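J.: Have a look at this one before I ask anything.
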2 protein chains.
Amino acid sequence: MPELNPLRIGVAGLGTVAGGVVKLLRDEAERLARQAGRPLQLVQVASRTPKSGIDLAGAAFSTDLRALHQAEVDVVVELIGGEDQALNLVSGALQRGQHVVTANKAIIASHGNELLEQARGNGVGLGFEAAVAGGIPVLGALRSGLAANRVSTLAGIINGTSNYILTAMGEQGTSFAEALAKAQELGFAEADPTFDVEGIDAAHKLTILAALAFDTEFRFADVYTEGISHITGEDLEYAKELGYRIKHLAIARRTEAGCETRVHPTLVAQNSLLAGVEGVMNAVWIEGDATGPTLYYGAGAGALPTASAVVADLVAIARGDGFDWRVGGEQQAALPIEQTHSAFYLRIPSLDAPGVFAEVATILGQHGISIEGAIQREAAVRGDGGSASWVPIVIVTAPVAEAAMNSALDLVQKVPEVVGQITRIRVAHFADE
Amino acid sequence: MPELNPLRIGVAGLGTVAGGVVKLLRDEAERLARQAGRPLQLVQVASRTPKSGIDLAGAAFSTDLRALHQAEVDVVVELIGGEDQALNLVSGALQRGQHVVTANKAIIASHGNELLEQARGNGVGLGFEAAVAGGIPVLGALRSGLAANRVSTLAGIINGTSNYILTAMGEQGTSFAEALAKAQELGFAEADPTFDVEGIDAAHKLTILAALAFDTEFRFADVYTEGISHITGEDLEYAKELGYRIKHLAIARRTEAGCETRVHPTLVAQNSLLAGVEGVMNAVWIEGDATGPTLYYGAGAGALPTASAVVADLVAIARGDGFDWRVGGEQQAALPIEQTHSAFYLRIPSLDAPGVFAEVATILGQHGISIEGAIQREAAVRGDGGSASWVPIVIVTAPVAEAAMNSALDLVQKVPEVVGQITRIRVAHFADE
């Protein structure tokens with residue numbers, strides 16, 4: 001290969017993902033140069049907390065992030081995380097005419113529109129494949145492989161922590177709290193797991209996926225988000241009995257009425273591919289009008305999978321592949337959750353009195369809601385030791401407008417024999433069932 | 001958008017896929033122009049057999065393929081199929097300095113090395129995403145998304161006809177012949193199904209996948225190929241009883257000793273994702289050293305899925321994305337099938353005499369082959385009405401060198417109580433089981 005200008009890389013941060021990036025650039029230098037058509041050269045690493053024991057392969061090191069401002073850095077890799085400082089770093093680099101690669105889903109979801117504008121205005125690329133689903137090249141698929149398609153539906157298991165917890169609850173019959181503790185012990189969950197189990201992390205990623213899939217702007221504020229902490233082992237068992245698994249899905253759909261984006265626990269048919277995505281693994285299901293259903297599966301997190309995505313963006317920038325993501329080309333209303341349609345799983349704790357099921361069914365019917373499946377167990381003794389026995393009514397409905405379900409459940413909740421909070425979990429069906 | 005030079009497209013052929021390409025270019029012109037940053041303009045269609053009823057959106061039509069030679073055609077889309085004429089067309093276009101996009105797996109598998117050389121020499125792109133797994137953007141994933149990875153294992157269900165037949169045999173208990181007839185009736189199989197059911201089509205595709213995954217040359221002649229016509233309903237049932245499904249897999253592995261490429265029926269664990277790929281759908285499993293296991297799933301054939309892949313390549317060319325595929329950078333021996341290692345499923349038809357299983361087990365043991373699972377059914381009356389009863393011995397072994405298995409089965413076949421041809425099917429295990 002003739003000597004070509006190297007792509008000169010500066011890395012901000014020196015955590016686990018940055019360590020993976022440094023390792024790949026160092027150990028795979030020759031192969032990456034062949035792939036990219038020119039060398040990928042790490043010239044500068046900056047991190048406020050230096051780490052010993054990482055071989056930087058001759059790159060300079062500084063504890064001052066401003067070391068990345070130098071003109072010798074063609075591309076800044078932002079791996080410091082967080083919001084404000086990362087945003088300043090990324091925005092500053094773009095404005096100086098440096099390419100940027102980042103794994104930071106929060107700043108892309110919340111500030112992606114301005115950042116893409118800045119990148120385009122300065123004629124540089126902004127790569128963020130690593131921000132969504134780690135090692136799965138799903139943004140590349142949306143941008144390139146599926147470029148000919150109008151995407152109608154996208155559904156992803158895009159938070160490994162939540163998926164690990166639901167898998168463990170289902171397999172080992174443990175409670176949410178126990179499964180979370182186990183995930184924390186294994187390093188799959190943070191000390192404060194809110195971002196993961198309440199769906200915020202997934203909502204960031206869904207914002208990015210939806211913008212690319214539908215060519216709309218990044219609209220994080222429009223994502224409906226519901227976590228998994230209220231899911232019980234009982235629900236997992238009933239779901240199984242009805243032929244489903246419960247997954248924490250991030251769903252984006254385009255309908256005549258607009259685009260809906262929502263993150264919530266979801267029943268999926270047990271013979272669907274998404275149901276088979278276990279533990280910390282991720283997968284994204286994408287339906288295009290030309291290609292039909294497609295699915296992308298892999299590790300959603302971890303040092304090397306995420307580093308793999310960062311380096312893929314660096315290779316693309318080195319090749320000169322066009323990186324001017326186009327989003328916002330289509331004006332489409334964001335559909336509030338009340339206007340979406342879903343099938344529902346309902347668990348209705350009720351006294352074991354005659355006619356309760358009929359009464360519930362009547363209320364649902366009056367709201368145009370059909371029952372597609374139901375379970376009625378034998379009566380069990382009430383937990384409070386009272387004399388009346390209770391039995392949960394478990395129902396799976398046909399698809400219905402969310403608003404109609406809200407009205408119906410307001411009434412069902414008031415039925416005297418309904419003795420506790422009704423659990424409702426949306427159901428989603430896919431073409432591979 | 002400012003007026004930019006359009007990418008001027010000529011299409012050779014006017015079959016179903018070409019019809020899909022014309023439709024997408026015509027109906028999605030505005031969106032594609034936004035994606036590509038410039039218009040994709042269909043200027044010429046050439047097909048020796050004109051078809052009426054296709055709206056060419058103003059493009060010229062000719063029954064002479066030489067109409068595509070004109071300098072006004074920037075990129076030639078080869079969709080005439082076959083080998084010789086298609087090869088001439090593609091090679092001629094590249095040498096005239098036209099980009100080429102093709103769905104022709106046979107010419108890429110057999111002549112890809114020279115064609116890529118010609119493309120590079122003339123500074124043009126050669127896109128063939130549509131040649132493998134239709135609507136699944138798996139070549140793009142290998143080239144871009146997984147660029148940082150050394151691929152160790154790749155395994156695909158990449159022939160929809162075979163997968164349809166095996167799925168139908170398993171679900172409906174039909175024979176190979178019945179399932180094939182049904183596939184032909186539904187248009188999923190050709191009148192002459194040899195290419196599909198004997199694995200030649202899959203071998204073409206595997207050649208392409210392996211070259212990109214391992215950075216070796218295209219080596220079609222080195223692919224070991226075995227079809228599915230000898231698979232019986234009995235085998236599917238035994239496999240199920242042992243916790244497996246039978247799929248027609250195309251497998252490429254890189255080991256210390258070299259690269260192996262093989263297409264054959266394969267037992268896969270029933271809880272693996274590949275086992276859940278049903279009917280005409282395709283999927284490719286790729287393990288990279290950085291990203292770990294990944295999987296890509298979708299429609300492997302059909303007019304619009306394949307057209308989606310063709311148009312994706314056109315968008316990439318319009319963007320100016322580097323299209324100089326690099327293969328052949330790594331010198332690696334092609335490993336003959338005798339030197340590969342697999343676990344095996346064995347069905348050994350034998351008389352119901354005492355000690356036969358022990359004798360078989362002893363022979364296997366002498367060749368270092370461990371038994372991991374076995375089924376022995378109750379004796380059944382022989383089909384020929386003879387007085388002796390027979391019972392198949394069904395065994396799943398641990399992984400073993402193919403050559404050792406060959407030697408062992410030569411001896412087992414000579415055991416007097418073994419009354420028919422032994423069936424052997426390889427078994428493959430994946431990280432998601």
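FYI, nothing fancy with the structure tokens labels: chains A, B, ... in order, residues from 1 per chain, ligands from 1 as they appear.
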Which residues are near stretch 391-404 of chain B? Cut-off 8 Å, only C-alpha atoms, ignore same chain within fewer than 4 positions. Put them as a ChimeraX atom specification.
T.: /B:238,337-352,357,367-380,408
J.: Would you kindly return, as a PyMOL selection string, each protein, DNA or RNA residue with an atom no farther than 7 Å from any atom of B:Gln270, considering only C-alpha atoms and excluding same-chain residues fewer than 4 positions away?
T.: chain B and resi 243-245+275
J.: Could you turn the residues from that selection into a file that holds C-alpha atoms, as a PDB file, in the first residue's frame?
T.:
```pdb
ATOM      1  CA  GLY B 243     -33.488 -31.084  21.260  1.00  0.00           C
ATOM      2  CA  TYR B 244     -32.470 -30.030  17.757  1.00  0.00           C
ATOM      3  CA  ARG B 245     -33.822 -28.770  14.451  1.00  0.00           C
ATOM      4  CA  ALA B 275     -33.509 -22.835  14.712  1.00  0.00           C
TER       5      ALA B 275
END
```
J.: How close does chain B get to chain A? List, as CSV, each residue of chain B within 7 Å, its nearest atom pair and the distance in Å to one decimal, counting only C-alpha atoms.
T.:
```
residue,atom,partner,partner_atom,distance
B:Leu32,CA,A:Ala148,CA,6.6
B:Gln35,CA,A:Arg326,CA,6.8
B:Gly135,CA,A:Thr291,CA,4.9
B:Ile136,CA,A:Thr294,CA,6.7
B:Pro137,CA,A:Gly145,CA,4.8
B:Gly140,CA,A:Gly145,CA,6.6
B:Ala141,CA,A:Pro137,CA,6.4
B:Ser144,CA,A:Ala312,CA,6.0
B:Gly145,CA,A:Pro137,CA,4.8
B:Leu146,CA,A:Ala312,CA,6.5
B:Ala147,CA,A:Ala312,CA,5.5
B:Ala148,CA,A:Ser308,CA,5.5
B:Asn149,CA,A:Ser308,CA,6.9
B:Leu273,CA,A:Gly276,CA,6.6
B:Gly276,CA,A:Leu273,CA,6.6
B:Ala290,CA,A:Leu304,CA,4.9
B:Thr291,CA,A:Pro305,CA,3.9
B:Gly292,CA,A:Ala299,CA,6.8
B:Pro293,CA,A:Gly298,CA,5.8
B:Thr294,CA,A:Gly298,CA,4.2
B:Leu295,CA,A:Tyr297,CA,4.8
B:Tyr296,CA,A:Tyr296,CA,4.8
B:Tyr297,CA,A:Leu295,CA,4.8
B:Gly298,CA,A:Thr294,CA,4.2
B:Ala299,CA,A:Thr291,CA,6.8
B:Leu304,CA,A:Ala290,CA,4.9
B:Pro305,CA,A:Thr291,CA,3.9
B:Ser308,CA,A:Ala148,CA,5.5
B:Ala309,CA,A:Gly145,CA,6.6
B:Val311,CA,A:Ala148,CA,5.9
B:Ala312,CA,A:Gly145,CA,5.4
B:Ala316,CA,A:Ser144,CA,6.9
B:Arg319,CA,A:Gly322,CA,6.1
B:Gly320,CA,A:Asp321,CA,6.7
B:Asp321,CA,A:Asp321,CA,4.3
B:Gly322,CA,A:Asp321,CA,6.0
B:Arg326,CA,A:Gln35,CA,6.8
```
J.: Grab the residues selected above and save them as a compact mmCIF listing (two decimals), in the first residue's frame with N, CA, C and O atoms.
T.:
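Once written, selection00.txt looks like this:
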```
# COMPACT_ATOMS: atom_id res chain seq x y z
N LEU B 32 -35.23 8.93 -2.09
CA LEU B 32 -33.90 8.39 -2.41
C LEU B 32 -32.91 9.52 -2.71
O LEU B 32 -31.74 9.45 -2.32
N GLN B 35 -31.78 10.79 0.55
CA GLN B 35 -30.85 9.84 1.17
C GLN B 35 -29.47 9.90 0.52
O GLN B 35 -28.45 9.79 1.19
N GLY B 135 -32.82 -9.14 1.01
CA GLY B 135 -33.07 -7.89 1.68
C GLY B 135 -32.26 -7.66 2.95
O GLY B 135 -32.39 -6.61 3.58
N ILE B 136 -31.44 -8.62 3.35
CA ILE B 136 -30.65 -8.46 4.59
C ILE B 136 -29.34 -7.76 4.25
O ILE B 136 -28.56 -8.28 3.46
N PRO B 137 -29.06 -6.61 4.85
CA PRO B 137 -27.83 -5.89 4.48
C PRO B 137 -26.60 -6.47 5.16
O PRO B 137 -25.90 -5.79 5.89
N GLY B 140 -22.97 -5.29 3.81
CA GLY B 140 -22.67 -3.98 4.38
C GLY B 140 -22.20 -4.11 5.82
O GLY B 140 -21.27 -3.42 6.25
N ALA B 141 -22.83 -5.02 6.56
CA ALA B 141 -22.41 -5.23 7.95
C ALA B 141 -20.97 -5.74 8.00
O ALA B 141 -20.16 -5.27 8.78
N SER B 144 -18.62 -2.75 6.69
CA SER B 144 -18.55 -1.51 7.45
C SER B 144 -18.75 -1.73 8.95
O SER B 144 -17.86 -1.47 9.75
N GLY B 145 -19.91 -2.21 9.32
CA GLY B 145 -20.25 -2.29 10.75
C GLY B 145 -19.30 -3.17 11.53
O GLY B 145 -19.02 -2.91 12.70
N LEU B 146 -18.82 -4.24 10.91
CA LEU B 146 -17.93 -5.17 11.61
C LEU B 146 -16.48 -4.98 11.21
O LEU B 146 -15.63 -5.85 11.46
N ALA B 147 -16.16 -3.83 10.59
CA ALA B 147 -14.82 -3.63 10.03
C ALA B 147 -13.71 -3.81 11.06
O ALA B 147 -12.59 -4.20 10.71
N ALA B 148 -14.01 -3.56 12.33
CA ALA B 148 -12.97 -3.66 13.36
C ALA B 148 -12.72 -5.10 13.79
O ALA B 148 -11.81 -5.36 14.57
N ASN B 149 -13.54 -6.02 13.28
CA ASN B 149 -13.51 -7.39 13.79
C ASN B 149 -12.76 -8.38 12.92
O ASN B 149 -12.82 -8.31 11.70
N LEU B 273 -31.30 -19.12 17.95
CA LEU B 273 -32.04 -18.24 17.04
C LEU B 273 -32.12 -18.84 15.64
O LEU B 273 -33.15 -18.74 14.97
N GLY B 276 -35.01 -20.93 14.93
CA GLY B 276 -36.29 -20.25 14.80
C GLY B 276 -36.50 -19.55 13.47
O GLY B 276 -37.52 -18.89 13.28
N ALA B 290 -14.28 -8.77 18.40
CA ALA B 290 -14.61 -7.62 19.24
C ALA B 290 -16.10 -7.62 19.60
O ALA B 290 -16.48 -7.48 20.75
N THR B 291 -16.94 -7.79 18.61
CA THR B 291 -18.38 -7.62 18.86
C THR B 291 -19.04 -8.86 19.43
O THR B 291 -20.14 -8.77 19.97
N GLY B 292 -18.38 -10.01 19.32
CA GLY B 292 -19.03 -11.25 19.76
C GLY B 292 -20.06 -11.69 18.74
O GLY B 292 -20.02 -11.25 17.59
N PRO B 293 -21.00 -12.55 19.14
CA PRO B 293 -21.97 -13.06 18.18
C PRO B 293 -22.97 -11.99 17.73
O PRO B 293 -23.44 -11.19 18.55
N THR B 294 -23.26 -11.97 16.44
CA THR B 294 -24.32 -11.11 15.90
C THR B 294 -25.14 -11.94 14.93
O THR B 294 -24.67 -12.97 14.43
N LEU B 295 -26.37 -11.50 14.67
CA LEU B 295 -27.22 -12.21 13.72
C LEU B 295 -28.02 -11.22 12.89
O LEU B 295 -28.44 -10.18 13.40
N TYR B 296 -28.20 -11.55 11.61
CA TYR B 296 -28.91 -10.71 10.65
C TYR B 296 -29.97 -11.57 10.00
O TYR B 296 -29.67 -12.63 9.47
N TYR B 297 -31.21 -11.11 10.03
CA TYR B 297 -32.36 -11.93 9.62
C TYR B 297 -33.23 -11.15 8.66
O TYR B 297 -33.40 -9.94 8.81
N GLY B 298 -33.80 -11.82 7.69
CA GLY B 298 -34.74 -11.16 6.79
C GLY B 298 -35.09 -12.04 5.60
O GLY B 298 -34.76 -13.23 5.56
N ALA B 299 -35.77 -11.43 4.63
CA ALA B 299 -36.17 -12.15 3.43
C ALA B 299 -34.94 -12.36 2.55
O ALA B 299 -34.18 -11.43 2.29
N LEU B 304 -38.98 -7.33 -4.31
CA LEU B 304 -38.71 -6.08 -3.59
C LEU B 304 -37.56 -6.19 -2.59
O LEU B 304 -36.75 -5.27 -2.51
N PRO B 305 -37.47 -7.28 -1.82
CA PRO B 305 -36.30 -7.37 -0.94
C PRO B 305 -34.98 -7.30 -1.72
O PRO B 305 -34.05 -6.61 -1.32
N SER B 308 -34.45 -3.88 -2.98
CA SER B 308 -34.03 -3.02 -1.88
C SER B 308 -32.51 -3.02 -1.74
O SER B 308 -31.88 -1.97 -1.53
N ALA B 309 -31.91 -4.20 -1.88
CA ALA B 309 -30.45 -4.31 -1.77
C ALA B 309 -29.76 -3.65 -2.97
O ALA B 309 -28.73 -2.99 -2.82
N VAL B 311 -30.90 -1.14 -4.74
CA VAL B 311 -31.02 0.32 -4.61
C VAL B 311 -30.12 0.84 -3.49
O VAL B 311 -29.57 1.95 -3.58
N ALA B 312 -29.94 0.04 -2.42
CA ALA B 312 -29.01 0.45 -1.36
C ALA B 312 -27.61 0.65 -1.94
O ALA B 312 -26.92 1.62 -1.60
N ALA B 316 -25.40 4.15 -2.15
CA ALA B 316 -24.02 4.24 -1.66
C ALA B 316 -23.10 4.79 -2.76
O ALA B 316 -22.24 5.63 -2.50
N ARG B 319 -23.66 8.45 -3.17
CA ARG B 319 -23.03 9.22 -2.09
C ARG B 319 -21.53 9.32 -2.25
O ARG B 319 -20.87 10.09 -1.56
N GLY B 320 -20.98 8.44 -3.08
CA GLY B 320 -19.53 8.40 -3.21
C GLY B 320 -18.87 7.58 -2.12
O GLY B 320 -17.67 7.70 -1.89
N ASP B 321 -19.65 6.74 -1.44
CA ASP B 321 -19.03 5.88 -0.44
C ASP B 321 -18.00 4.98 -1.11
O ASP B 321 -18.23 4.46 -2.20
N GLY B 322 -16.87 4.82 -0.46
CA GLY B 322 -15.82 3.95 -1.00
C GLY B 322 -16.41 2.58 -1.28
O GLY B 322 -17.10 2.03 -0.44
N ARG B 326 -12.14 -4.83 -0.32
CA ARG B 326 -10.80 -5.39 -0.25
C ARG B 326 -10.95 -6.85 0.17
O ARG B 326 -11.41 -7.14 1.26
```
J.: Using backbone DSSP assignments, extract all strand (DSSP E) residues from stretch 25-64 of chain B; output them as an MDAnalysis selection string.
T.: chainID B and resid 40:46 60:62
J.: When distances are computed from only C-alpha atoms, which of B:Thr153, B:Gln118, B:Arg26, B:Ala202 shows the smallest separation from B:Ala133?
T.: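 Of B:Thr153, B:Gln118, B:Arg26, B:Ala202, the one nearest B:Ala133, counting only C-alpha atoms, is B:Ala202.
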J.: List as a VMD selection string the protein and nucleic acid residues near B:His264, meaning an atom at most 12 Å away when only C-alpha atoms are counted, but skip any in the same chain fewer than 2 places from it.
T.: chain B and resid 155 to 159 162 to 163 196 to 200 202 to 203 206 223 to 231 246 to 252 261 to 262 266 to 267 337 342 424 to 428
J.: Please determine, counting only C-alpha atoms, which residue among A:Gly233, A:Glu417, A:Leu68, A:Gly328 has the shortest atom-to-atom distance to A:Ala358.
T.: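 Selected residue with least distance to A:Ala358: A:Glu417.
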J.: Mind the document's chain letters and residue numbers, and return as a ChimeraX atom specification the residues of stretch 84-330 of chain A that DSSP labels alpha helix (DSSP H).
T.: /A:84-95,105-121,138-140,160-172,176-185,194-197,200-214,233-241,303-319
J.: Check the smallest atom-to-atom distance from each of A:Ala46, A:Lys205, A:Val151, A:Ala183 to A:Ala103 using only C-alpha atoms, then report the winner.
T.: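 Checking each candidate against A:Ala103, we get A:Lys205 as the closest.
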